[in-house]
>>> print(open('upload.txt').read())   # compact mmCIF, C-alpha atoms
# COMPACT_ATOMS: atom_id res chain seq x y z
CA MET T 17 25.78 -6.65 -8.45
CA LEU T 18 24.08 -7.86 -11.65
CA LYS T 19 22.41 -5.14 -13.69
CA ARG T 20 20.25 -5.56 -16.74
CA TYR T 21 22.02 -4.32 -19.86
CA LEU T 22 19.66 -5.29 -22.68
CA ILE T 23 16.27 -6.82 -23.45
CA GLU T 24 15.61 -7.84 -27.04
CA PHE T 25 12.72 -9.71 -28.68
CA GLY T 26 12.46 -12.06 -31.62
CA THR T 27 10.13 -14.29 -33.57
CA GLY T 28 10.88 -17.62 -35.21
CA ILE T 29 8.77 -19.81 -37.46
CA ASP T 30 9.06 -23.46 -38.41
CA GLN T 31 6.99 -23.73 -41.57
CA HIS T 32 7.75 -27.38 -42.22
CA GLY T 33 8.55 -30.20 -39.83
CA GLN T 34 6.56 -28.99 -36.83
CA ASP T 35 9.70 -28.63 -34.70
CA PRO T 36 9.29 -26.27 -31.72
CA THR T 37 13.05 -26.38 -31.04
CA ARG T 38 13.77 -25.05 -34.54
CA ALA T 39 11.14 -22.31 -34.12
CA ALA T 40 12.65 -21.37 -30.73
CA GLN T 41 16.19 -21.27 -32.19
CA LYS T 42 15.02 -18.96 -34.96
CA ALA T 43 13.28 -16.68 -32.42
CA VAL T 44 16.45 -16.39 -30.33
CA LYS T 45 18.59 -15.79 -33.43
CA ASP T 46 16.15 -13.08 -34.51
CA ALA T 47 16.37 -11.39 -31.11
CA ILE T 48 20.16 -11.39 -30.92
CA SER T 49 20.49 -10.21 -34.51
CA HIS T 50 18.76 -6.94 -33.53
CA SER T 51 21.47 -5.88 -31.11
CA TYR T 52 25.19 -5.23 -31.12
CA LEU T 53 26.66 -5.17 -27.64
CA THR T 54 29.53 -2.71 -28.16
CA GLY T 55 28.90 -1.12 -24.78
CA LEU T 56 29.99 -4.28 -22.96
CA LYS T 57 33.61 -3.82 -24.00
CA GLU T 58 33.77 -0.12 -24.82
CA ILE T 59 31.79 1.35 -21.92
CA LEU T 60 31.69 -1.33 -19.22
CA GLU T 61 35.16 -2.63 -20.20
CA LEU T 62 34.06 -6.25 -19.89
CA LYS T 63 37.14 -8.32 -20.73
CA ASP T 64 35.46 -11.74 -21.01
CA LEU T 65 32.10 -11.89 -22.83
CA ASN T 66 31.38 -15.20 -21.11
CA LYS T 67 30.97 -13.21 -17.87
CA MET T 68 27.67 -11.74 -19.04
CA VAL T 69 24.51 -13.55 -17.97
CA VAL T 70 22.05 -14.29 -20.77
CA LYS T 71 18.53 -15.25 -19.75
CA VAL T 72 16.22 -16.42 -22.51
CA LYS T 73 12.47 -16.90 -22.29
CA VAL T 74 10.73 -18.59 -25.21
CA ALA T 75 6.99 -19.02 -25.72
CA VAL T 76 6.22 -21.80 -28.17
CA PRO T 77 3.57 -24.41 -28.93
CA TYR T 78 4.53 -27.81 -27.51
CA PRO T 79 7.10 -26.46 -25.01
CA GLU T 80 7.69 -29.98 -23.68
CA ARG T 81 9.24 -30.91 -27.04
CA VAL T 82 11.88 -28.14 -26.97
CA CYS T 83 15.52 -29.20 -26.52
CA PRO T 84 17.00 -26.44 -24.32
CA GLU T 85 20.62 -27.24 -25.17
CA GLU T 86 19.93 -26.82 -28.89
CA VAL T 87 18.17 -23.48 -28.38
CA LEU T 88 21.00 -22.09 -26.23
CA LYS T 89 23.63 -23.09 -28.81
CA VAL T 90 22.64 -20.10 -30.94
CA ILE T 91 23.94 -17.70 -28.26
CA PRO T 92 27.72 -17.40 -28.70
CA PHE T 93 28.75 -16.04 -25.29
CA GLY T 94 27.69 -15.83 -21.68
CA GLU T 95 26.31 -17.84 -18.82
CA LYS T 96 23.09 -18.95 -20.51
CA SER T 97 19.75 -20.11 -19.15
CA LEU T 98 16.43 -20.86 -20.82
CA GLU T 99 12.83 -20.80 -19.66
CA VAL T 100 10.34 -22.35 -22.08
CA VAL T 101 6.64 -21.59 -21.68
CA HIS T 102 3.53 -22.46 -23.63
CA GLY T 103 2.62 -19.77 -26.14
CA GLY T 104 3.56 -18.66 -29.59
CA LEU T 105 1.16 -19.48 -32.38
CA LEU T 106 -0.08 -22.43 -34.39
CA THR T 107 -1.64 -21.90 -37.78
CA GLU T 108 -2.48 -24.14 -40.69
CA GLY T 109 -0.20 -24.33 -43.68
CA MET T 110 0.37 -27.17 -46.14
CA ALA T 111 1.57 -30.65 -45.28
CA LEU T 112 4.45 -31.47 -47.61
CA PRO T 113 5.91 -34.84 -46.58
CA GLU T 114 8.96 -34.27 -48.78
CA LEU T 115 9.86 -31.37 -46.43
CA GLY T 116 9.37 -33.44 -43.27
CA ASP T 117 5.80 -32.43 -42.48
CA VAL T 118 3.67 -34.74 -40.40
CA SER T 119 0.80 -32.23 -40.27
CA PRO T 120 -0.10 -28.89 -41.89
CA GLU T 121 0.83 -26.96 -38.72
CA ILE T 122 3.12 -23.94 -38.83
CA LEU T 123 4.72 -23.14 -35.46
CA MET T 124 5.69 -19.65 -34.31
CA ALA T 125 7.86 -18.96 -31.26
CA ASN T 126 8.48 -15.68 -29.45
CA ALA T 127 11.67 -15.01 -27.53
CA ALA T 128 12.87 -12.44 -25.01
CA VAL T 129 16.63 -12.33 -24.49
CA THR T 130 17.90 -10.41 -21.48
CA VAL T 131 21.58 -9.69 -20.91
CA TRP T 132 22.85 -8.96 -17.40
CA VAL T 133 26.34 -7.81 -16.42
CA GLU T 134 28.21 -7.55 -13.15
CA VAL T 135 28.91 -3.91 -12.31
CA ASP T 136 30.47 -2.23 -9.32
CA LYS T 137 28.06 -0.29 -7.13
>>> encode(input="upload.txt", output="structure tokens")
Amino acid sequence: MLKRYLIEFGTGIDQHGQDPTRAAQKAVKDAISHSYLTGLKEILELKDLNKMVVKVKVAVPYPERVCPEEVLKVIPFGEKSLEVVHGGLLTEGMALPELGDVSPEILMANAAVTVWVEVDK
């Protein structure tokens, strides 16, 4: 039976380049940097960290432009899945072409990372 072990949240911003994948990656990295899963090995005695199930939900402007494989690369272990929805935040910054900007938009993504583990009843 899968049981939820952890839910963590993060925010990521792409200030230049208007890349929703980069903003989503940063949001996921932010979320996973807030937790240390010692209980998986020490309490649940999980031998293989790739046995945990990691479900990620990201809200970002332009969700259709997100590359799921690139976002999931930031998670080092587990059976990973990603749901991308429209959300996050757009705000106006400065367009600096030398930094890859095509507009003055700044993109913000929000992520929720949930870790599930198989436990005996």
>>> residues_around(input="upload.txt", residues="T:Val44", least_positions_apart="3", cutoff="6 Å", atoms="all atoms listed in the file", output="list in words")
Gln41, Ala47 and Ala127 of chain T
>>> write_last_selection(input="upload.txt", atoms="C-alpha atoms", output="short mmCIF file (atom, residue, chain, number, x, y, z; two decimals), in the coordinates of the input")
data_model
loop_
_atom_site.label_atom_id
_atom_site.label_comp_id
_atom_site.auth_asym_id
_atom_site.auth_seq_id
_atom_site.Cartn_x
_atom_site.Cartn_y
_atom_site.Cartn_z
CA GLN T 41 16.19 -21.27 -32.19
CA ALA T 47 16.37 -11.39 -31.11
CA ALA T 127 11.67 -15.01 -27.53
#
>>> residues_near_point(input="upload.txt", point="(9.7, -30.8, -35.4)", cutoff="10 Å", atoms="only C-alpha atoms", output="list in words")
Asp30, Gln31, His32, Gly33, Gln34, Asp35, Pro36, Thr37, Arg38, Ala39, Tyr78, Arg81, Val82, Gly116, Asp117, Val118 and Leu123 of chain T
>>> residues_around(input="upload.txt", residues="stretch 107-112 of chain T", least_positions_apart="6", cutoff="6 Å", atoms="only C-alpha atoms", output="PyMOL selection string")
chain T and resi 119-122
>>> write_last_selection(input="upload.txt", atoms="C-alpha atoms", output="JSON list (two decimals), in the frame of the given file")
[["chain", "number", "residue", "atom", "x", "y", "z"],
["T", 119, "SER", "CA", 0.80, -32.23, -40.27],
["T", 120, "PRO", "CA", -0.10, -28.89, -41.89],
["T", 121, "GLU", "CA", 0.83, -26.96, -38.72],
["T", 122, "ILE", "CA", 3.12, -23.94, -38.83]]
>>> residues_around(input="upload.txt", residues="T:Val70", least_positions_apart="4", cutoff="8 Å", atoms="all atoms listed in the file", output="PDB file with C-alpha atoms, in the frame of the given file")
ATOM      1  CA  GLY T  94      27.690 -15.830 -21.680  1.00  0.00           C
ATOM      2  CA  GLU T  95      26.310 -17.840 -18.820  1.00  0.00           C
ATOM      3  CA  LYS T  96      23.090 -18.950 -20.510  1.00  0.00           C
ATOM      4  CA  SER T  97      19.750 -20.110 -19.150  1.00  0.00           C
ATOM      5  CA  VAL T 129      16.630 -12.330 -24.490  1.00  0.00           C
ATOM      6  CA  THR T 130      17.900 -10.410 -21.480  1.00  0.00           C
ATOM      7  CA  VAL T 131      21.580  -9.690 -20.910  1.00  0.00           C
ATOM      8  CA  TRP T 132      22.850  -8.960 -17.400  1.00  0.00           C
TER       9      TRP T 132
END
>>> closest_residue(input="upload.txt", among="T:Leu88, T:Leu22, T:Leu106, T:Leu65", to="T:Ser51", atoms="only C-alpha atoms")
T:Leu22
>>> atom_distance(input="upload.txt", atom1="atom CA of T:Val100", atom2="atom CA of T:Gly55")
28.3 Å
>>> atom_distance(input="upload.txt", atom1="atom CA of T:Asp46", atom2="atom CA of T:Lys63")
25.6 Å
>>> residues_around(input="upload.txt", residues="T:Lys19", least_positions_apart="6", cutoff="8 Å", atoms="all atoms listed in the file", output="list in words")
Trp132, Val133, Glu134 and Val135 of chain T
>>> atom_distance(input="upload.txt", atom1="atom CA of T:Thr27", atom2="atom CA of T:Leu53")
19.8 Å
>>> closest_residue(input="upload.txt", among="T:Glu99, T:Glu85, T:Glu61, T:Glu80", to="T:Ala128", atoms="all atoms listed in the file")
T:Glu99
>>> closest_residue(input="upload.txt", among="T:Val72, T:Pro79, T:Tyr52, T:Ala125", to="T:Ile91", atoms="only C-alpha atoms")
T:Val72
>>> residues_around(input="upload.txt", residues="T:Val101", least_positions_apart="3", cutoff="7 Å", atoms="only C-alpha atoms", output="PDB file with C-alpha atoms, in the coordinates of the input")
ATOM      1  CA  VAL T  74      10.730 -18.590 -25.210  1.00  0.00           C
ATOM      2  CA  ALA T  75       6.990 -19.020 -25.720  1.00  0.00           C
ATOM      3  CA  VAL T  76       6.220 -21.800 -28.170  1.00  0.00           C
ATOM      4  CA  PRO T  79       7.100 -26.460 -25.010  1.00  0.00           C
TER       5      PRO T  79
END
